[in-house]
>>> print(open('final-v5.cif').read())   # mmCIF, C-alpha atoms
data_model
loop_
_atom_site.group_PDB
_atom_site.id
_atom_site.type_symbol
_atom_site.label_atom_id
_atom_site.label_comp_id
_atom_site.auth_asym_id
_atom_site.auth_seq_id
_atom_site.Cartn_x
_atom_site.Cartn_y
_atom_site.Cartn_z
ATOM 1 C CA MET X 17 110.809 121.972 98.360
ATOM 2 C CA THR X 18 110.952 123.468 101.797
ATOM 3 C CA CYS X 19 112.557 126.851 102.084
ATOM 4 C CA CYS X 20 114.235 129.108 103.627
ATOM 5 C CA ALA X 21 114.827 131.092 106.794
ATOM 6 C CA PRO X 22 112.770 134.298 106.884
ATOM 7 C CA LEU X 23 114.502 137.417 105.665
ATOM 8 C CA SER X 24 116.317 138.970 108.604
ATOM 9 C CA LEU X 25 117.989 142.324 108.236
ATOM 10 C CA ALA X 26 118.967 144.412 111.227
ATOM 11 C CA GLY X 27 116.222 146.944 111.868
ATOM 12 C CA ALA X 28 114.313 145.974 108.723
ATOM 13 C CA ASP X 29 110.535 146.106 108.880
ATOM 14 C CA PRO X 30 108.896 143.907 106.205
ATOM 15 C CA ARG X 31 106.111 146.483 105.975
ATOM 16 C CA ASP X 32 108.514 149.104 104.615
ATOM 17 C CA GLY X 33 107.236 150.250 101.232
ATOM 18 C CA MET X 34 103.881 148.518 101.665
ATOM 19 C CA VAL X 35 100.485 150.228 101.730
ATOM 20 C CA ARG X 36 98.226 149.878 104.765
ATOM 21 C CA LEU X 37 94.531 149.409 104.046
ATOM 22 C CA ALA X 38 91.998 149.979 106.802
ATOM 23 C CA GLY X 39 89.751 147.166 105.607
ATOM 24 C CA GLY X 40 85.990 147.283 105.892
ATOM 25 C CA ALA X 41 82.863 146.257 104.028
ATOM 26 C CA PHE X 42 82.603 146.035 100.244
ATOM 27 C CA THR X 43 80.685 144.272 97.484
ATOM 28 C CA MET X 44 82.538 141.199 96.267
ATOM 29 C CA GLY X 45 81.917 139.386 92.981
ATOM 30 C CA SER X 46 79.747 140.364 90.035
ATOM 31 C CA ASP X 47 76.521 139.223 88.411
ATOM 32 C CA ALA X 48 77.347 141.048 85.174
ATOM 33 C CA PHE X 49 80.152 138.943 83.653
ATOM 34 C CA TYR X 50 81.248 135.326 84.163
ATOM 35 C CA ARG X 51 79.372 132.769 86.218
ATOM 36 C CA GLU X 52 82.330 131.913 88.474
ATOM 37 C CA GLU X 53 82.106 135.495 89.820
ATOM 38 C CA ARG X 54 78.467 135.161 90.913
ATOM 39 C CA PRO X 55 76.762 136.270 93.032
ATOM 40 C CA ASP X 56 77.770 139.764 94.009
ATOM 41 C CA ARG X 57 77.597 139.757 97.784
ATOM 42 C CA PRO X 58 78.588 141.715 100.882
ATOM 43 C CA ALA X 59 82.060 140.966 102.230
ATOM 44 C CA ARG X 60 84.410 142.409 104.821
ATOM 45 C CA VAL X 61 88.150 142.315 105.410
ATOM 46 C CA ASP X 62 90.231 143.300 108.426
ATOM 47 C CA PRO X 63 93.063 145.851 108.149
ATOM 48 C CA PHE X 64 96.159 144.655 106.287
ATOM 49 C CA TRP X 65 99.268 145.796 104.468
ATOM 50 C CA ILE X 66 99.827 145.034 100.778
ATOM 51 C CA ASP X 67 102.692 145.399 98.325
ATOM 52 C CA PRO X 68 102.065 148.335 95.963
ATOM 53 C CA THR X 69 103.297 146.251 93.006
ATOM 54 C CA PRO X 70 103.634 142.612 92.072
ATOM 55 C CA VAL X 71 106.888 140.957 93.111
ATOM 56 C CA THR X 72 109.406 141.747 90.376
ATOM 57 C CA ASN X 73 112.120 139.713 88.713
ATOM 58 C CA ALA X 74 114.706 141.692 90.690
ATOM 59 C CA ASP X 75 112.888 140.945 93.963
ATOM 60 C CA PHE X 76 112.680 137.241 93.204
ATOM 61 C CA ALA X 77 116.290 137.068 92.028
ATOM 62 C CA ARG X 78 117.414 138.459 95.388
ATOM 63 C CA PHE X 79 115.363 135.811 97.189
ATOM 64 C CA VAL X 80 116.900 133.022 95.095
ATOM 65 C CA ALA X 81 120.440 134.407 95.489
ATOM 66 C CA LEU X 82 120.127 134.537 99.288
ATOM 67 C CA THR X 83 118.380 131.197 99.778
ATOM 68 C CA GLY X 84 119.292 128.943 96.849
ATOM 69 C CA TYR X 85 115.589 128.263 96.303
ATOM 70 C CA VAL X 86 114.720 126.100 93.275
ATOM 71 C CA THR X 87 111.300 126.728 91.726
ATOM 72 C CA VAL X 88 108.815 124.072 90.686
ATOM 73 C CA ALA X 89 109.532 124.696 86.989
ATOM 74 C CA GLU X 90 113.232 124.004 87.571
ATOM 75 C CA ARG X 91 112.606 120.564 89.113
ATOM 76 C CA PRO X 92 111.940 117.385 87.104
ATOM 77 C CA PRO X 93 108.257 116.376 87.381
ATOM 78 C CA ARG X 94 107.740 113.089 89.195
ATOM 79 C CA ARG X 95 106.290 110.161 87.239
ATOM 80 C CA GLU X 96 103.979 109.299 90.152
ATOM 81 C CA ASP X 97 102.408 112.753 89.945
ATOM 82 C CA TYR X 98 101.852 112.497 86.177
ATOM 83 C CA PRO X 99 101.406 108.778 85.418
ATOM 84 C CA ASP X 100 99.915 109.374 81.955
ATOM 85 C CA ALA X 101 102.369 112.044 80.814
ATOM 86 C CA ASP X 102 104.608 111.681 77.789
ATOM 87 C CA SER X 103 108.105 110.832 79.054
ATOM 88 C CA ALA X 104 109.479 113.625 76.873
ATOM 89 C CA LEU X 105 107.567 116.106 79.038
ATOM 90 C CA LEU X 106 108.858 114.795 82.387
ATOM 91 C CA VAL X 107 111.695 117.295 82.320
ATOM 92 C CA PRO X 108 111.950 120.708 83.991
ATOM 93 C CA GLY X 109 109.841 123.268 82.145
ATOM 94 C CA SER X 110 106.669 125.287 82.218
ATOM 95 C CA LEU X 111 103.763 126.616 80.200
ATOM 96 C CA VAL X 112 104.405 129.398 77.705
ATOM 97 C CA PHE X 113 102.006 131.394 75.555
ATOM 98 C CA VAL X 114 102.860 130.722 71.919
ATOM 99 C CA GLN X 115 101.095 133.134 69.600
ATOM 100 C CA PRO X 116 99.603 131.328 66.611
ATOM 101 C CA GLY X 117 100.124 132.907 63.215
ATOM 102 C CA ARG X 118 96.501 132.574 62.154
ATOM 103 C CA PRO X 119 93.000 132.381 63.625
ATOM 104 C CA VAL X 120 92.388 129.250 65.717
ATOM 105 C CA SER X 121 89.427 127.789 67.564
ATOM 106 C CA LEU X 122 88.952 129.481 70.921
ATOM 107 C CA ARG X 123 87.525 126.296 72.415
ATOM 108 C CA ASP X 124 90.912 124.696 73.076
ATOM 109 C CA PRO X 125 93.633 126.683 74.903
ATOM 110 C CA ARG X 126 96.206 124.151 73.701
ATOM 111 C CA ALA X 127 96.160 126.131 70.449
ATOM 112 C CA TRP X 128 98.145 128.880 72.194
ATOM 113 C CA TRP X 129 99.755 127.214 75.234
ATOM 114 C CA ALA X 130 102.759 124.886 75.086
ATOM 115 C CA TYR X 131 104.794 123.074 77.726
ATOM 116 C CA LEU X 132 108.365 124.127 76.956
ATOM 117 C CA PRO X 133 111.267 122.294 78.586
ATOM 118 C CA GLY X 134 113.638 124.880 80.019
ATOM 119 C CA ALA X 135 110.973 127.529 80.621
ATOM 120 C CA ASP X 136 111.245 128.937 84.143
ATOM 121 C CA TRP X 137 111.326 132.273 85.941
ATOM 122 C CA ARG X 138 114.754 133.115 84.474
ATOM 123 C CA HIS X 139 113.614 132.053 80.985
ATOM 124 C CA PRO X 140 109.942 133.058 80.961
ATOM 125 C CA GLN X 141 109.432 132.463 77.240
ATOM 126 C CA GLY X 142 111.465 129.258 77.175
ATOM 127 C CA PRO X 143 115.082 128.427 76.287
ATOM 128 C CA GLY X 144 116.837 131.338 74.660
ATOM 129 C CA SER X 145 114.769 133.927 76.520
ATOM 130 C CA SER X 146 116.135 135.851 79.483
ATOM 131 C CA LEU X 147 115.379 138.580 81.993
ATOM 132 C CA ALA X 148 117.552 141.149 80.226
ATOM 133 C CA GLY X 149 115.822 144.509 80.640
ATOM 134 C CA LEU X 150 113.026 142.938 82.726
ATOM 135 C CA ASP X 151 114.183 143.596 86.292
ATOM 136 C CA ASP X 152 111.120 145.745 87.014
ATOM 137 C CA HIS X 153 108.615 143.390 85.343
ATOM 138 C CA PRO X 154 106.518 140.984 87.440
ATOM 139 C CA VAL X 155 108.162 137.628 88.012
ATOM 140 C CA VAL X 156 106.225 134.892 86.205
ATOM 141 C CA GLN X 157 106.619 131.133 85.814
ATOM 142 C CA VAL X 158 106.129 130.809 89.575
ATOM 143 C CA ALA X 159 103.879 128.075 90.939
ATOM 144 C CA TRP X 160 101.787 128.600 94.069
ATOM 145 C CA GLU X 161 104.429 126.887 96.191
ATOM 146 C CA ASP X 162 107.092 129.269 94.871
ATOM 147 C CA ALA X 163 104.982 132.324 95.677
ATOM 148 C CA ARG X 164 104.341 131.071 99.199
ATOM 149 C CA ALA X 165 108.032 130.350 99.737
ATOM 150 C CA TYR X 166 108.984 133.898 98.743
ATOM 151 C CA ALA X 167 106.244 135.377 100.941
ATOM 152 C CA ALA X 168 107.350 133.367 103.989
ATOM 153 C CA TRP X 169 110.986 134.376 103.457
ATOM 154 C CA ALA X 170 109.966 138.040 103.241
ATOM 155 C CA GLY X 171 107.947 137.796 106.466
ATOM 156 C CA LYS X 172 104.702 138.171 104.557
ATOM 157 C CA ALA X 173 101.875 136.029 103.155
ATOM 158 C CA LEU X 174 99.785 135.679 100.039
ATOM 159 C CA PRO X 175 96.453 137.539 100.149
ATOM 160 C CA THR X 176 93.060 135.928 100.393
ATOM 161 C CA GLU X 177 90.788 136.464 97.408
ATOM 162 C CA ALA X 178 88.704 138.907 99.458
ATOM 163 C CA GLU X 179 91.748 140.919 100.517
ATOM 164 C CA TRP X 180 93.009 141.065 96.942
ATOM 165 C CA GLU X 181 89.641 142.155 95.544
ATOM 166 C CA PHE X 182 89.147 144.785 98.242
ATOM 167 C CA ALA X 183 92.588 146.204 97.440
ATOM 168 C CA ALA X 184 92.013 146.102 93.681
ATOM 169 C CA LYS X 185 88.846 148.166 93.909
ATOM 170 C CA GLY X 186 90.844 151.066 95.314
ATOM 171 C CA GLY X 187 87.864 152.384 97.253
ATOM 172 C CA ARG X 188 85.642 152.417 94.151
ATOM 173 C CA ASP X 189 82.688 150.346 93.026
ATOM 174 C CA GLY X 190 83.515 150.510 89.307
ATOM 175 C CA ILE X 191 83.963 147.703 86.798
ATOM 176 C CA TYR X 192 87.718 148.360 86.703
ATOM 177 C CA PRO X 193 90.105 149.606 89.374
ATOM 178 C CA TRP X 194 89.904 153.070 87.762
ATOM 179 C CA GLY X 195 86.131 153.237 87.076
ATOM 180 C CA ASP X 196 83.606 152.005 84.519
ATOM 181 C CA GLU X 197 85.213 153.118 81.250
ATOM 182 C CA LEU X 198 87.717 150.759 79.659
ATOM 183 C CA ALA X 199 89.990 153.452 78.229
ATOM 184 C CA PRO X 200 88.968 156.862 79.601
ATOM 185 C CA GLY X 201 89.798 159.583 77.119
ATOM 186 C CA GLY X 202 91.389 156.930 74.909
ATOM 187 C CA ARG X 203 94.089 156.189 77.505
ATOM 188 C CA HIS X 204 94.960 152.560 78.228
ATOM 189 C CA MET X 205 94.957 151.999 81.983
ATOM 190 C CA ALA X 206 96.361 148.468 82.085
ATOM 191 C CA ASN X 207 98.474 146.042 80.094
ATOM 192 C CA THR X 208 95.935 143.900 78.240
ATOM 193 C CA TRP X 209 95.445 142.437 74.765
ATOM 194 C CA GLN X 210 94.376 144.667 71.875
ATOM 195 C CA GLY X 211 93.368 143.004 68.631
ATOM 196 C CA ARG X 212 92.030 139.552 67.825
ATOM 197 C CA PHE X 213 93.078 136.978 70.411
ATOM 198 C CA PRO X 214 95.239 134.905 70.235
ATOM 199 C CA PHE X 215 96.842 135.560 66.857
ATOM 200 C CA GLU X 216 96.853 139.369 66.551
ATOM 201 C CA ASN X 217 98.037 141.786 69.221
ATOM 202 C CA THR X 218 98.217 145.370 67.988
ATOM 203 C CA GLY X 219 100.090 146.496 71.117
ATOM 204 C CA GLU X 220 98.209 149.774 71.368
ATOM 205 C CA ASP X 221 99.005 149.944 75.104
ATOM 206 C CA GLY X 222 102.728 149.891 74.286
ATOM 207 C CA PHE X 223 103.462 146.316 75.354
ATOM 208 C CA ASP X 224 103.375 142.896 73.771
ATOM 209 C CA ARG X 225 104.105 140.796 76.866
ATOM 210 C CA THR X 226 104.639 141.902 80.474
ATOM 211 C CA SER X 227 105.329 145.527 81.341
ATOM 212 C CA PRO X 228 107.175 147.345 84.146
ATOM 213 C CA VAL X 229 105.082 147.192 87.293
ATOM 214 C CA ARG X 230 104.586 150.964 87.443
ATOM 215 C CA ALA X 231 103.944 151.519 83.736
ATOM 216 C CA PHE X 232 100.251 152.324 84.254
ATOM 217 C CA PRO X 233 98.498 154.588 86.789
ATOM 218 C CA PRO X 234 97.829 153.294 90.312
ATOM 219 C CA ASN X 235 94.351 152.786 91.687
ATOM 220 C CA GLY X 236 92.786 154.860 94.447
ATOM 221 C CA TYR X 237 94.872 153.101 97.103
ATOM 222 C CA GLY X 238 98.148 153.729 95.293
ATOM 223 C CA LEU X 239 98.426 150.130 94.072
ATOM 224 C CA PHE X 240 99.773 149.293 90.632
ATOM 225 C CA ASP X 241 98.841 146.504 88.217
ATOM 226 C CA MET X 242 95.634 145.476 89.952
ATOM 227 C CA ALA X 243 94.387 144.759 86.433
ATOM 228 C CA GLY X 244 96.293 143.176 83.569
ATOM 229 C CA ASN X 245 100.022 142.498 83.202
ATOM 230 C CA ALA X 246 100.108 139.219 85.212
ATOM 231 C CA TRP X 247 97.523 137.226 87.122
ATOM 232 C CA GLU X 248 98.278 136.987 90.853
ATOM 233 C CA TRP X 249 98.101 134.005 93.201
ATOM 234 C CA THR X 250 95.941 134.060 96.337
ATOM 235 C CA VAL X 251 95.680 131.530 99.178
ATOM 236 C CA THR X 252 91.974 130.920 98.524
ATOM 237 C CA PRO X 253 90.975 127.470 97.223
ATOM 238 C CA TYR X 254 89.042 127.645 93.963
ATOM 239 C CA ALA X 255 85.460 126.432 93.729
ATOM 240 C CA ALA X 256 83.161 127.275 90.858
ATOM 241 C CA GLY X 257 80.415 124.670 90.835
ATOM 242 C CA GLY X 258 79.959 123.421 87.301
ATOM 243 C CA ALA X 259 81.978 126.180 85.640
ATOM 244 C CA THR X 260 84.119 125.102 82.708
ATOM 245 C CA PRO X 261 87.802 126.076 82.397
ATOM 246 C CA SER X 262 88.237 129.689 81.373
ATOM 247 C CA CYS X 263 89.941 130.998 78.276
ATOM 248 C CA CYS X 264 93.293 131.433 79.960
ATOM 249 C CA GLN X 265 93.488 128.192 81.932
ATOM 250 C CA ALA X 266 96.105 125.755 80.800
ATOM 251 C CA GLY X 267 94.368 122.894 82.556
ATOM 252 C CA ALA X 268 91.696 122.121 85.131
ATOM 253 C CA GLY X 269 92.824 120.101 88.125
ATOM 254 C CA VAL X 270 91.491 119.197 91.535
ATOM 255 C CA ARG X 271 94.028 121.245 93.516
ATOM 256 C CA GLN X 272 93.458 124.805 92.461
ATOM 257 C CA ARG X 273 93.835 128.231 94.033
ATOM 258 C CA VAL X 274 92.202 131.449 92.935
ATOM 259 C CA VAL X 275 94.205 133.821 90.766
ATOM 260 C CA LYS X 276 93.065 137.408 90.316
ATOM 261 C CA GLY X 277 93.546 140.447 88.133
ATOM 262 C CA GLY X 278 93.824 139.167 84.571
ATOM 263 C CA SER X 279 96.929 139.534 82.446
ATOM 264 C CA HIS X 280 98.422 140.950 79.274
ATOM 265 C CA LEU X 281 96.687 138.063 77.481
ATOM 266 C CA CYS X 282 93.171 139.209 78.452
ATOM 267 C CA ALA X 283 91.196 140.580 75.512
ATOM 268 C CA PRO X 284 87.858 142.320 76.198
ATOM 269 C CA ALA X 285 86.059 140.340 73.488
ATOM 270 C CA HIS X 286 87.316 136.992 74.730
ATOM 271 C CA CYS X 287 88.663 137.070 78.306
ATOM 272 C CA HIS X 288 87.276 140.146 80.015
ATOM 273 C CA ARG X 289 88.950 139.314 83.312
ATOM 274 C CA PHE X 290 91.120 142.358 84.038
ATOM 275 C CA ARG X 291 88.589 143.458 86.678
ATOM 276 C CA PRO X 292 88.630 143.235 90.499
ATOM 277 C CA ALA X 293 85.696 140.801 90.568
ATOM 278 C CA ALA X 294 87.165 138.454 87.963
ATOM 279 C CA ARG X 295 88.665 135.186 89.110
ATOM 280 C CA GLN X 296 89.757 131.825 87.884
ATOM 281 C CA GLY X 297 91.267 128.658 89.311
ATOM 282 C CA GLU X 298 94.822 127.611 88.550
ATOM 283 C CA ASP X 299 96.521 124.315 89.350
ATOM 284 C CA VAL X 300 98.921 124.772 92.259
ATOM 285 C CA ASP X 301 101.711 122.938 90.421
ATOM 286 C CA THR X 302 101.443 125.186 87.367
ATOM 287 C CA GLY X 303 103.651 128.126 86.530
ATOM 288 C CA THR X 304 102.897 130.047 83.366
ATOM 289 C CA SER X 305 104.241 133.036 81.471
ATOM 290 C CA HIS X 306 101.363 135.215 82.731
ATOM 291 C CA ILE X 307 100.985 134.446 86.470
ATOM 292 C CA GLY X 308 102.825 136.245 89.283
ATOM 293 C CA PHE X 309 101.939 137.406 92.806
ATOM 294 C CA ARG X 310 102.148 140.114 95.471
ATOM 295 C CA CYS X 311 102.238 139.829 99.262
ATOM 296 C CA VAL X 312 100.357 141.072 102.312
ATOM 297 C CA ILE X 313 100.911 141.412 106.052
ATOM 298 C CA ARG X 314 97.891 141.237 108.335
ATOM 299 C CA ASP X 315 97.623 143.555 111.332
#
>>> encode(input="final-v5.cif", output="structure tokens")
Amino acid sequence: MTCCAPLSLAGADPRDGMVRLAGGAFTMGSDAFYREERPDRPARVDPFWIDPTPVTNADFARFVALTGYVTVAERPPRREDYPDADSALLVPGSLVFVQPGRPVSLRDPRAWWAYLPGADWRHPQGPGSSLAGLDDHPVVQVAWEDARAYAAWAGKALPTEAEWEFAAKGGRDGIYPWGDELAPGGRHMANTWQGRFPFENTGEDGFDRTSPVRAFPPNGYGLFDMAGNAWEWTVTPYAAGGATPSCCQAGAGVRQRVVKGGSHLCAPAHCHRFRPAARQGEDVDTGTSHIGFRCVIRD
């Protein structure tokens, strides 16, 4: 669906509230974790501005109210796009994490993902759920097209993978945005999974699903949620050679973009992807209950 005249407010500067990064050289990727991150390599980005937080439910609601935009999850899927799909699934909906009540095989993500008719950004956990009390949580259930539409309306863009990773590092070279220790002094620094994935989440970080976008400390650049909470879309096409789908992917398709940052569903023993170098590919027509986005403006 095409959208929307750019946001135009008298005297408004879309950079208001954003953080300017000077850019420069950094080490991108990692040889220490998953093969889709390899190799670590020199990279450089030009100066740019970036949102200090992911786009929130309140932000996205304002966009929808002013433009009438309808997200991918709210539109009926077209039979020609999914010729082999069950007719019962060709209704508006999206992918939702459904926590199993017992241990399951970790080889098949379908054990904890379900396509739920009626799931969308207003109903992130499916019919019966709502955004009550979640205004300051990251918007989820947004496909790549939805994120791009919001960014264009706001006079911004989605980041490249390199821009996102540079920003996430916060001027450090550590494993995480805050350094090399997962929980320094026993303090949780991001919204991730504690316990045995996917059936037991102890919630030691204080959250079971998404969290407010400023619930955890910022990185060295003053940016929040550069690890955990919700994955974030980038504009970069995904390529990973012969890599198999990761633990959190709901499906592997041919039209994928890189998502970064990990989510509240990332468990260190199973999906250690709440790190700047971590990446995975996500189908552009897929919204899920753990993917959101933030925006940039390039100088």
>>> closest_residue(input="final-v5.cif", among="X:Thr304, X:Thr83, X:Tyr98, X:Ala178", to="X:Pro58", atoms="all atoms listed in the file")
X:Ala178
>>> axis_aligned_box(input="final-v5.cif", around="stretch 284-301 of chain X", padding_each_side="5 Å", output="AutoDock Vina command-line options")
--center_x 93.7 --center_y 133.2 --center_z 82.9 --size_x 26.0 --size_y 30.5 --size_z 28.8
>>> resolve_selection(input="final-v5.cif", expression="the PyMOL selection byres ((chain X and resi 37-43) around 9)", output="list of chain:residue names")
X:Val35, X:Arg36, X:Met44, X:Gly45, X:Ser46, X:Asp56, X:Arg57, X:Pro58, X:Ala59, X:Arg60, X:Val61, X:Asp62, X:Pro63, X:Phe64, X:Trp65, X:Ile66, X:Glu179, X:Phe182, X:Ala183, X:Gly187, X:Asp189, X:Tyr237
>>> write_last_selection(input="final-v5.cif", atoms="C-alpha atoms", output="PDB file, in the frame of the given file")
ATOM      1  CA  VAL X  35     100.485 150.228 101.730  1.00  0.00           C
ATOM      2  CA  ARG X  36      98.226 149.878 104.765  1.00  0.00           C
ATOM      3  CA  MET X  44      82.538 141.199  96.267  1.00  0.00           C
ATOM      4  CA  GLY X  45      81.917 139.386  92.981  1.00  0.00           C
ATOM      5  CA  SER X  46      79.747 140.364  90.035  1.00  0.00           C
ATOM      6  CA  ASP X  56      77.770 139.764  94.009  1.00  0.00           C
ATOM      7  CA  ARG X  57      77.597 139.757  97.784  1.00  0.00           C
ATOM      8  CA  PRO X  58      78.588 141.715 100.882  1.00  0.00           C
ATOM      9  CA  ALA X  59      82.060 140.966 102.230  1.00  0.00           C
ATOM     10  CA  ARG X  60      84.410 142.409 104.821  1.00  0.00           C
ATOM     11  CA  VAL X  61      88.150 142.315 105.410  1.00  0.00           C
ATOM     12  CA  ASP X  62      90.231 143.300 108.426  1.00  0.00           C
ATOM     13  CA  PRO X  63      93.063 145.851 108.149  1.00  0.00           C
ATOM     14  CA  PHE X  64      96.159 144.655 106.287  1.00  0.00           C
ATOM     15  CA  TRP X  65      99.268 145.796 104.468  1.00  0.00           C
ATOM     16  CA  ILE X  66      99.827 145.034 100.778  1.00  0.00           C
ATOM     17  CA  GLU X 179      91.748 140.919 100.517  1.00  0.00           C
ATOM     18  CA  PHE X 182      89.147 144.785  98.242  1.00  0.00           C
ATOM     19  CA  ALA X 183      92.588 146.204  97.440  1.00  0.00           C
ATOM     20  CA  GLY X 187      87.864 152.384  97.253  1.00  0.00           C
ATOM     21  CA  ASP X 189      82.688 150.346  93.026  1.00  0.00           C
ATOM     22  CA  TYR X 237      94.872 153.101  97.103  1.00  0.00           C
TER      23      TYR X 237
END
>>> closest_residue(input="final-v5.cif", among="X:Val229, X:Arg94, X:Tyr131, X:Ala255", to="X:Arg54", atoms="only C-alpha atoms")
X:Ala255
>>> resolve_selection(input="final-v5.cif", expression="the PyMOL selection byres ((chain X and resi 134-146) around 12)", output="ChimeraX atom specification")
/X:72-77,80,85-92,105-115,129-133,147-151,153-159,162-163,225-226,302-308
>>> atom_distance(input="final-v5.cif", atom1="atom CA of X:Asp67", atom2="atom CA of X:Ser227")
17.2 Å
>>> closest_residue(input="final-v5.cif", among="X:Ala101, X:Val71, X:Leu281, X:Val300", to="X:Pro214", atoms="only C-alpha atoms")
X:Leu281
>>> closest_residue(input="final-v5.cif", among="X:Trp169, X:Trp194, X:Phe79, X:Phe290", to="X:Phe49", atoms="all atoms listed in the file")
X:Phe290
>>> resolve_selection(input="final-v5.cif", expression="the PyMOL selection byres ((chain X and resi 252) around 10)", output="ChimeraX atom specification")
/X:174-178,249-251,253-255,272-275,297
>>> closest_residue(input="final-v5.cif", among="X:Asp224, X:Asp152, X:Asp241, X:Asp29", to="X:Thr69", atoms="all atoms listed in the file")
X:Asp241
>>> residues_near_point(input="final-v5.cif", point="(101.2, 132.5, 61.9)", cutoff="12 Å", atoms="all atoms listed in the file", output="list in words")
Val114, Gln115, Pro116, Gly117, Arg118, Pro119, Val120, Ala127, Trp128, Pro214, Phe215 and Glu216 of chain X
>>> atom_distance(input="final-v5.cif", atom1="atom CA of X:Tyr192", atom2="atom CA of X:Gly219")
20.0 Å
